[in-house]
Every structure is written in C-alpha cells, then in structure tokens.
Amino acid sequence: MTAVDYLIVGTGLTGSTIARILHDQGREVLILDRRHHVGGNVHDSLHPSQIRLHTYGPHYFRCSSRRVWEFVNRFSGFYHYEATVKSMVKGHYENWPVSIALLDQFSGWQNSHPVAMPANFEEACLQKMPRPVYEAFVMGYTRRQWGLDPRQLDSSLANRIRINVDHETTLTPRQVYQGLPTQGYSGLMTNMVGEIPCVLGVDYLKNRSSYNVRRALIFTGPIDEFFNFDAGRLGYRSLKRVHEFLPGSEWFQPCGQVNHPDAGDQGALRTLEWKHFMPADRQKRIRGTLITWEFPFMPEDPDRFEYPVPTADQARLYRHYRRRAHAVPGLVICGRMGTYRYLDMDKAIGLALRLAERLLSQEEM
C-alpha cells in the first residue's frame, strides 16, 4: 500500500494546479491519472506536417486575472492569439458572437422578448437577441450540441453567449490576457507537473485499496463514477473528431473555428483549421493545411466525457452525489467533472488556486 499526505486523481488543470501549489509549499503529493499523458483534455500534439493539433478540441487561453496569467507563465511562454470564430449561416460566413449592429436591424425586437425570469435556455437567449438571429445562429447549433430541445436546457447556459459591440470581431475581445503556449499545451502541462511524483496509466477507482491518504484525497474525475454510478449516470456530451490533412490547400476557411448551426444532423457541428492557431511566421513555413471535423454524440466511456448536460434533472442528480461527497471525511471532489459544470481554463485554475490555499489553511486548524 502506498501512503501519502495528498493524493490527487487527475492531471488536468485543476489537479495539476493544486498539486503544484501543495508541492511548492513542501507538502507530500502524489498524482495519478488513468490516461498515459498529463493534462487531461488540455493536450495537443504535432501533426507530421508540423501543425499543432489540440487533441480534445480547441482550447483558447484567455483571462483577466493577473494572478492566473502569471501562474501559467511560470510553465510556458505564450504568443498572442485572439480567437476568431465564424458561423456558416445560409451559405455565408458570419461573425460570432453577433454584433449589436445585427440586432439593430430588427427594429423593436426588445418589445417582443420575454420580460420575466427566463425559464429555459431559449427564453434567456430571446432576451439577448431577436428570434430570427436566435434561430439562425443558436437554435440548431444548440440542439445538435446537446441532443436536446433548447427549451429543455437551463437558462444559465445562455450566460456564455455574449454580444459584441460593432468594432469587436473576436470571440472574447474584452479579456486582458489572450494567447497560446509556445511549447503547446502538452509542454505547459508537463512543466506544471514537473518533478512532482506522478503515475500515469493507473485507474484509482479500480485500485482504491492500494492507497492510504493521510490528509486529503483530491478527485477530479466524474463525481458519479466515484460512487460507481449507483444512483444513476450524469449526462455528458462529447465530440467525435475526424482529422483531414489537405496537402494541396494553403487554407480551407477564413479562421480557426467555423460553427455550422444550420447543418443537417449528420453534418459537422464545427470545423477547425489548426494552421490559423499558429504564429504568422510559422504559418508561412507550412505547406498544406490540417482540418478537424467535429460531430456531437453521447459518450458512455467516462474517459470521453467533455460537456456536462445543463438540465434540471441532471442538476438534481448531481446535488445527490455532492451531498454524499461532503459526508466523506478527507474527500475533495473538484474540477469540471467533479463539480459537473463547464469551466473555462482560467476559471478552473483560479478555483484550484483558492482550493489549494484552503487545504493549506485547514492544516492549521
């Protein structure tokens, strides 16, 4: 049996950040991950063309927290990159997010949208935009992304939809710090874990009796899987990714990500062109281009879980598991799958920094 003060399950952003802070403060830490690489879904690799491919879909690093920005820059330099996203609407590339100028084309639309507290995602969207814009840009994309009618989704999901002012054309123009790691996300995460004891290819849930944890077990995997799904499975969506290298094409689309809100059920939800993610000087040295086609599906394998499904039923089941987790001494379940909510990378790191500080402060109690 292996004994350790802090056992951290999962090398994603949450687990690796907590491990780094605890280790830097001289605590005994061991990290486990059932995958064979660190970083969880924050992972990439070099295609033979020398184009860097994000393994689990595009990861755009942006934040306005100086503390988070300084933390990640400990482990990698960053080059400036602001994500530009387009939507293919009726055969034309349109800016996403949409702009105020587009909304203003629909005179008086504010008088027709719901004024009460929105009961679902669709109602929340219609408080932000006129119905024709919602139907063109959001409704079909959302239905295919989640496999549900948008009216079945929680209204809070609409908080992720913003409206650009007229001069803004990027995905998150108001974030202070934006970029991609010069060594790739794999380099960033490898450096973050660094010299901390870490064992890959080990499934903690199948080997619980092999570990004796003295202070805290920090579990960043799916909370329902921790309890063997005994009260039911939480719903997740994922994306099947099909990669295609086009050796005879310099470019395929006008930006790194294009959404396809009005594609058929068998069509791609998004197309990604990875050369757009590279610095301009490196783009010029590449011949050909690399495309990824993404298709949504409902995964059964916990290793494929990506997006928690935001419905009332799922929220109730999550709260059941959360109450049980709180009753287990020394157990901390955290991260995207542990808290069953989608977290941008900067938010995941910020929460992990505060959680690590809380763990350290509890030692003094």
# chains A, B, ... in the order shown; residues from 1 in each chain; ligands from 1

$ residues_around --residues "A:Arg358" --least-positions-apart "4" --cutoff "12 Å" --atoms "only C-alpha atoms" --output "number ranges by chain"
A: 18, 21-22, 216, 332, 351-354, 362-365

$ write_last_selection --atoms "N, CA and C atoms" --output "mmCIF file, in the first residue's frame"
data_model
loop_
_atom_site.group_PDB
_atom_site.id
_atom_site.type_symbol
_atom_site.label_atom_id
_atom_site.label_comp_id
_atom_site.auth_asym_id
_atom_site.auth_seq_id
_atom_site.Cartn_x
_atom_site.Cartn_y
_atom_site.Cartn_z
ATOM 1 N N ILE A 18 -3.498 22.321 -8.199
ATOM 2 C CA ILE A 18 -3.492 22.042 -6.763
ATOM 3 C C ILE A 18 -2.201 21.327 -6.374
ATOM 4 N N ILE A 21 0.777 23.830 -6.226
ATOM 5 C CA ILE A 21 0.781 24.717 -5.057
ATOM 6 C C ILE A 21 1.157 23.940 -3.797
ATOM 7 N N LEU A 22 0.568 22.768 -3.599
ATOM 8 C CA LEU A 22 0.885 21.974 -2.408
ATOM 9 C C LEU A 22 2.356 21.561 -2.417
ATOM 10 N N ALA A 216 -5.792 14.393 2.508
ATOM 11 C CA ALA A 216 -6.923 14.635 1.606
ATOM 12 C C ALA A 216 -6.756 13.861 0.313
ATOM 13 N N VAL A 332 -12.160 15.506 -1.345
ATOM 14 C CA VAL A 332 -12.419 16.755 -2.061
ATOM 15 C C VAL A 332 -12.644 16.397 -3.526
ATOM 16 N N LEU A 351 -10.063 28.684 -9.440
ATOM 17 C CA LEU A 351 -10.716 27.902 -8.391
ATOM 18 C C LEU A 351 -9.732 26.944 -7.736
ATOM 19 N N ALA A 352 -8.852 26.347 -8.533
ATOM 20 C CA ALA A 352 -7.876 25.407 -7.986
ATOM 21 C C ALA A 352 -6.871 26.106 -7.078
ATOM 22 N N LEU A 353 -6.459 27.304 -7.439
ATOM 23 C CA LEU A 353 -5.544 28.059 -6.576
ATOM 24 C C LEU A 353 -6.180 28.323 -5.217
ATOM 25 N N ARG A 354 -7.445 28.724 -5.236
ATOM 26 C CA ARG A 354 -8.120 29.010 -3.964
ATOM 27 C C ARG A 354 -8.351 27.727 -3.165
ATOM 28 N N GLN A 362 -6.443 24.685 6.280
ATOM 29 C CA GLN A 362 -7.094 23.699 7.132
ATOM 30 C C GLN A 362 -6.086 22.912 7.955
ATOM 31 N N GLU A 363 -4.854 22.854 7.497
ATOM 32 C CA GLU A 363 -3.826 22.143 8.275
ATOM 33 C C GLU A 363 -3.567 22.823 9.601
ATOM 34 N N GLU A 364 -3.841 24.122 9.660
ATOM 35 C CA GLU A 364 -3.553 24.894 10.863
ATOM 36 C C GLU A 364 -4.703 24.843 11.860
ATOM 37 N N MET A 365 -5.815 24.267 11.481
ATOM 38 C CA MET A 365 -6.999 24.248 12.354
ATOM 39 C C MET A 365 -6.916 23.085 13.348
#

$ closest_atom_pairs --of "stretch 87-166 of chain A" --to "stretch 288-301 of chain A" --cutoff "12 Å" --atoms "only C-alpha atoms" --output "tab-separated table"
residue	atom	partner	partner_atom	distance
A:Tyr141	CA	A:Pro296	CA	10.3
A:Thr142	CA	A:Pro296	CA	10.6
A:Arg143	CA	A:Pro296	CA	10.3
A:Arg144	CA	A:Pro296	CA	6.9
A:Gln145	CA	A:Pro296	CA	5.8
A:Trp146	CA	A:Pro296	CA	7.7
A:Gly147	CA	A:Phe297	CA	7.8
A:Leu148	CA	A:Met298	CA	11.2

$ atom_distance --atom1 "atom CA of A:Pro97" --atom2 "atom CA of A:Glu244"
26.7 Å

$ closest_residue --among "A:Lys275, A:Lys284, A:Arg52, A:Arg34" --to "A:Asp303" --atoms "only C-alpha atoms"
A:Arg34

$ residues_around --residues "A:Pro261" --least-positions-apart "4" --cutoff "10 Å" --atoms "only C-alpha atoms" --output "list in words"
Ser87, Met88, Val89, Lys90, Glu135, Ala136, Phe137, Val138, Met139, Gly140, Tyr141, Thr142, Arg143, Arg144, Gln145, Gly267, Ala268, Leu269 and Arg270 of chain A

$ write_last_selection --atoms "C-alpha atoms" --output "short mmCIF file (atom, residue, chain, number, x, y, z; two decimals), in the first residue's frame"
data_model
loop_
_atom_site.label_atom_id
_atom_site.label_comp_id
_atom_site.auth_asym_id
_atom_site.auth_seq_id
_atom_site.Cartn_x
_atom_site.Cartn_y
_atom_site.Cartn_z
CA SER A 87 -20.78 30.83 -38.24
CA MET A 88 -21.81 29.42 -41.61
CA VAL A 89 -25.36 30.79 -41.98
CA LYS A 90 -27.28 30.23 -45.20
CA GLU A 135 -32.92 30.68 -34.97
CA ALA A 136 -30.12 31.35 -37.47
CA PHE A 137 -27.12 31.25 -35.12
CA VAL A 138 -28.09 29.44 -31.93
CA MET A 139 -31.10 27.15 -32.06
CA GLY A 140 -29.86 24.44 -34.44
CA TYR A 141 -26.32 24.52 -33.09
CA THR A 142 -27.58 24.10 -29.53
CA ARG A 143 -30.00 21.30 -30.40
CA ARG A 144 -27.23 19.31 -32.07
CA GLN A 145 -24.57 20.13 -29.48
CA GLY A 267 -23.04 17.19 -40.72
CA ALA A 268 -20.17 18.57 -38.66
CA LEU A 269 -21.04 20.87 -35.76
CA ARG A 270 -17.75 22.73 -36.11
#

$ select_by_dssp --residues "stretch 14-163 of chain A" --states "helix (DSSP H, G or I)" --output "MDAnalysis selection string"
chainID A and resid 14:24 66:72 100:103 109:111 121:126 131:146 150:152 155:160

$ write_last_selection --atoms "C-alpha atoms" --output "PDB file, in the first residue's frame"
ATOM      1  CA  THR A  14      -7.482  21.515 -11.567  1.00  0.00           C
ATOM      2  CA  GLY A  15      -5.459  18.567 -10.298  1.00  0.00           C
ATOM      3  CA  SER A  16      -2.120  19.818 -11.610  1.00  0.00           C
ATOM      4  CA  THR A  17      -2.631  23.334 -10.237  1.00  0.00           C
ATOM      5  CA  ILE A  18      -3.492  22.042  -6.763  1.00  0.00           C
ATOM      6  CA  ALA A  19      -0.573  19.614  -6.888  1.00  0.00           C
ATOM      7  CA  ARG A  20       1.841  22.387  -7.871  1.00  0.00           C
ATOM      8  CA  ILE A  21       0.781  24.717  -5.057  1.00  0.00           C
ATOM      9  CA  LEU A  22       0.885  21.974  -2.408  1.00  0.00           C
ATOM     10  CA  HIS A  23       4.240  20.698  -3.650  1.00  0.00           C
ATOM     11  CA  ASP A  24       5.719  24.201  -3.726  1.00  0.00           C
ATOM     12  CA  ARG A  66      -3.090  38.799 -13.410  1.00  0.00           C
ATOM     13  CA  ARG A  67      -2.571  36.074 -10.830  1.00  0.00           C
ATOM     14  CA  VAL A  68      -3.737  33.311 -13.181  1.00  0.00           C
ATOM     15  CA  TRP A  69      -1.731  34.764 -16.071  1.00  0.00           C
ATOM     16  CA  GLU A  70       1.459  34.904 -14.005  1.00  0.00           C
ATOM     17  CA  PHE A  71       0.853  31.361 -12.767  1.00  0.00           C
ATOM     18  CA  VAL A  72       0.625  29.797 -16.247  1.00  0.00           C
ATOM     19  CA  ILE A 100     -25.237  44.941 -31.779  1.00  0.00           C
ATOM     20  CA  ALA A 101     -25.425  46.236 -35.358  1.00  0.00           C
ATOM     21  CA  LEU A 102     -27.026  42.971 -36.470  1.00  0.00           C
ATOM     22  CA  LEU A 103     -29.567  43.099 -33.644  1.00  0.00           C
ATOM     23  CA  TRP A 109     -37.411  43.311 -31.167  1.00  0.00           C
ATOM     24  CA  GLN A 110     -36.871  44.171 -27.482  1.00  0.00           C
ATOM     25  CA  ASN A 111     -40.616  44.724 -27.090  1.00  0.00           C
ATOM     26  CA  PHE A 121     -32.138  28.482 -22.434  1.00  0.00           C
ATOM     27  CA  GLU A 122     -34.323  29.592 -25.341  1.00  0.00           C
ATOM     28  CA  GLU A 123     -36.144  32.210 -23.290  1.00  0.00           C
ATOM     29  CA  ALA A 124     -32.821  33.507 -21.951  1.00  0.00           C
ATOM     30  CA  CYS A 125     -31.454  33.805 -25.484  1.00  0.00           C
ATOM     31  CA  LEU A 126     -34.542  35.703 -26.650  1.00  0.00           C
ATOM     32  CA  ARG A 131     -35.854  35.350 -32.712  1.00  0.00           C
ATOM     33  CA  PRO A 132     -34.564  35.376 -36.331  1.00  0.00           C
ATOM     34  CA  VAL A 133     -30.986  35.770 -35.053  1.00  0.00           C
ATOM     35  CA  TYR A 134     -31.513  33.100 -32.405  1.00  0.00           C
ATOM     36  CA  GLU A 135     -32.917  30.677 -34.970  1.00  0.00           C
ATOM     37  CA  ALA A 136     -30.125  31.352 -37.468  1.00  0.00           C
ATOM     38  CA  PHE A 137     -27.123  31.246 -35.122  1.00  0.00           C
ATOM     39  CA  VAL A 138     -28.090  29.437 -31.931  1.00  0.00           C
ATOM     40  CA  MET A 139     -31.100  27.149 -32.062  1.00  0.00           C
ATOM     41  CA  GLY A 140     -29.864  24.443 -34.439  1.00  0.00           C
ATOM     42  CA  TYR A 141     -26.324  24.521 -33.094  1.00  0.00           C
ATOM     43  CA  THR A 142     -27.582  24.104 -29.533  1.00  0.00           C
ATOM     44  CA  ARG A 143     -29.997  21.298 -30.397  1.00  0.00           C
ATOM     45  CA  ARG A 144     -27.232  19.307 -32.070  1.00  0.00           C
ATOM     46  CA  GLN A 145     -24.574  20.128 -29.478  1.00  0.00           C
ATOM     47  CA  TRP A 146     -26.689  18.826 -26.600  1.00  0.00           C
ATOM     48  CA  PRO A 150     -33.070  24.161 -26.277  1.00  0.00           C
ATOM     49  CA  ARG A 151     -36.152  24.638 -24.084  1.00  0.00           C
ATOM     50  CA  GLN A 152     -35.018  21.646 -22.009  1.00  0.00           C
ATOM     51  CA  SER A 155     -31.282  29.264 -18.697  1.00  0.00           C
ATOM     52  CA  SER A 156     -27.805  29.739 -17.172  1.00  0.00           C
ATOM     53  CA  LEU A 157     -26.260  28.237 -20.304  1.00  0.00           C
ATOM     54  CA  ALA A 158     -27.117  31.472 -22.110  1.00  0.00           C
ATOM     55  CA  ASN A 159     -24.642  33.306 -19.875  1.00  0.00           C
ATOM     56  CA  ARG A 160     -21.931  32.014 -22.215  1.00  0.00           C
TER      57      ARG A 160
END

$ closest_residue --among "A:Thr339, A:Thr190, A:Thr182, A:Asn212" --to "A:Val42" --atoms "only C-alpha atoms"
A:Thr190

$ residues_around --residues "stretch 8-10 of chain A" --least-positions-apart "2" --cutoff "9 Å" --atoms "only C-alpha atoms" --output "list in words"
Tyr6, Gly12, Leu13, Thr14, Gly15, Ser16, Ile18, Ala19, Val29, Leu30, Ile31, Leu32, Asp33, Arg34, Arg35, Val38, Gly39, Gly40, Asp203, Tyr204, Ala216, Leu217, Ile218, Phe219, Thr220 and Gly221 of chain A

$ closest_residue --among "A:Pro118, A:Pro329, A:Pro308, A:Pro254" --to "A:Asp224" --atoms "only C-alpha atoms"
A:Pro308

$ select_by_dssp --residues "stretch 207-266 of chain A" --states "strand (DSSP E or B)" --output "NGL selection string"
:A and (211-219 or 236-246 or 257-259)

$ closest_residue --among "A:Leu360, A:Leu272, A:Leu205, A:Met337" --to "A:Phe305" --atoms "only C-alpha atoms"
A:Met337

$ closest_residue --among "A:Ala327, A:Ile51, A:Val4, A:Val309" --to "A:Tyr342" --atoms "only C-alpha atoms"
A:Val309

$ atom_distance --atom1 "atom CA of A:Tyr236" --atom2 "atom CA of A:Val199"
26.6 Å

$ decode --residues "stretch 208-228 of chain A" --atoms "N, CA and C atoms" --output "short mmCIF file (atom, residue, chain, number, x, y, z; two decimals), in the first residue's frame"
data_model
loop_
_atom_site.label_atom_id
_atom_site.label_comp_id
_atom_site.auth_asym_id
_atom_site.auth_seq_id
_atom_site.Cartn_x
_atom_site.Cartn_y
_atom_site.Cartn_z
N ARG A 208 -8.45 1.51 -5.36
CA ARG A 208 -8.59 2.36 -4.17
C ARG A 208 -7.87 1.79 -2.96
N SER A 209 -7.91 0.47 -2.80
CA SER A 209 -7.32 -0.14 -1.60
C SER A 209 -5.80 -0.09 -1.61
N SER A 210 -5.22 0.35 -2.72
CA SER A 210 -3.75 0.40 -2.82
C SER A 210 -3.17 1.68 -2.24
N TYR A 211 -4.04 2.60 -1.80
CA TYR A 211 -3.55 3.91 -1.36
C TYR A 211 -4.12 4.27 0.01
N ASN A 212 -3.24 4.75 0.87
CA ASN A 212 -3.61 5.27 2.18
C ASN A 212 -3.36 6.77 2.17
N VAL A 213 -4.44 7.55 2.31
CA VAL A 213 -4.33 9.00 2.22
C VAL A 213 -4.45 9.59 3.61
N ARG A 214 -3.43 10.33 4.02
CA ARG A 214 -3.39 10.85 5.40
C ARG A 214 -4.20 12.15 5.55
N ARG A 215 -4.12 13.04 4.58
CA ARG A 215 -4.77 14.34 4.74
C ARG A 215 -5.98 14.51 3.82
N ALA A 216 -5.79 14.39 2.51
CA ALA A 216 -6.92 14.63 1.61
C ALA A 216 -6.76 13.86 0.31
N LEU A 217 -7.88 13.29 -0.14
CA LEU A 217 -7.98 12.71 -1.46
C LEU A 217 -8.67 13.75 -2.35
N ILE A 218 -7.97 14.21 -3.36
CA ILE A 218 -8.49 15.23 -4.26
C ILE A 218 -8.82 14.55 -5.58
N PHE A 219 -10.09 14.38 -5.85
CA PHE A 219 -10.57 13.62 -7.00
C PHE A 219 -11.15 14.57 -8.03
N THR A 220 -10.61 14.57 -9.25
CA THR A 220 -11.07 15.50 -10.28
C THR A 220 -11.81 14.80 -11.42
N GLY A 221 -12.14 13.52 -11.23
CA GLY A 221 -12.89 12.80 -12.26
C GLY A 221 -14.39 12.98 -12.08
N PRO A 222 -15.19 12.22 -12.84
CA PRO A 222 -16.65 12.33 -12.73
C PRO A 222 -17.15 11.92 -11.35
N ILE A 223 -17.94 12.78 -10.74
CA ILE A 223 -18.41 12.53 -9.38
C ILE A 223 -19.31 11.30 -9.34
N ASP A 224 -20.09 11.05 -10.37
CA ASP A 224 -20.97 9.87 -10.36
C ASP A 224 -20.16 8.59 -10.50
N GLU A 225 -19.05 8.65 -11.24
CA GLU A 225 -18.20 7.47 -11.36
C GLU A 225 -17.52 7.14 -10.04
N PHE A 226 -17.19 8.16 -9.25
CA PHE A 226 -16.58 7.91 -7.94
C PHE A 226 -17.49 7.03 -7.08
N PHE A 227 -18.80 7.22 -7.22
CA PHE A 227 -19.77 6.43 -6.46
C PHE A 227 -20.34 5.28 -7.30
N ASN A 228 -19.56 4.85 -8.30
CA ASN A 228 -19.92 3.70 -9.13
C ASN A 228 -21.26 3.85 -9.83
#
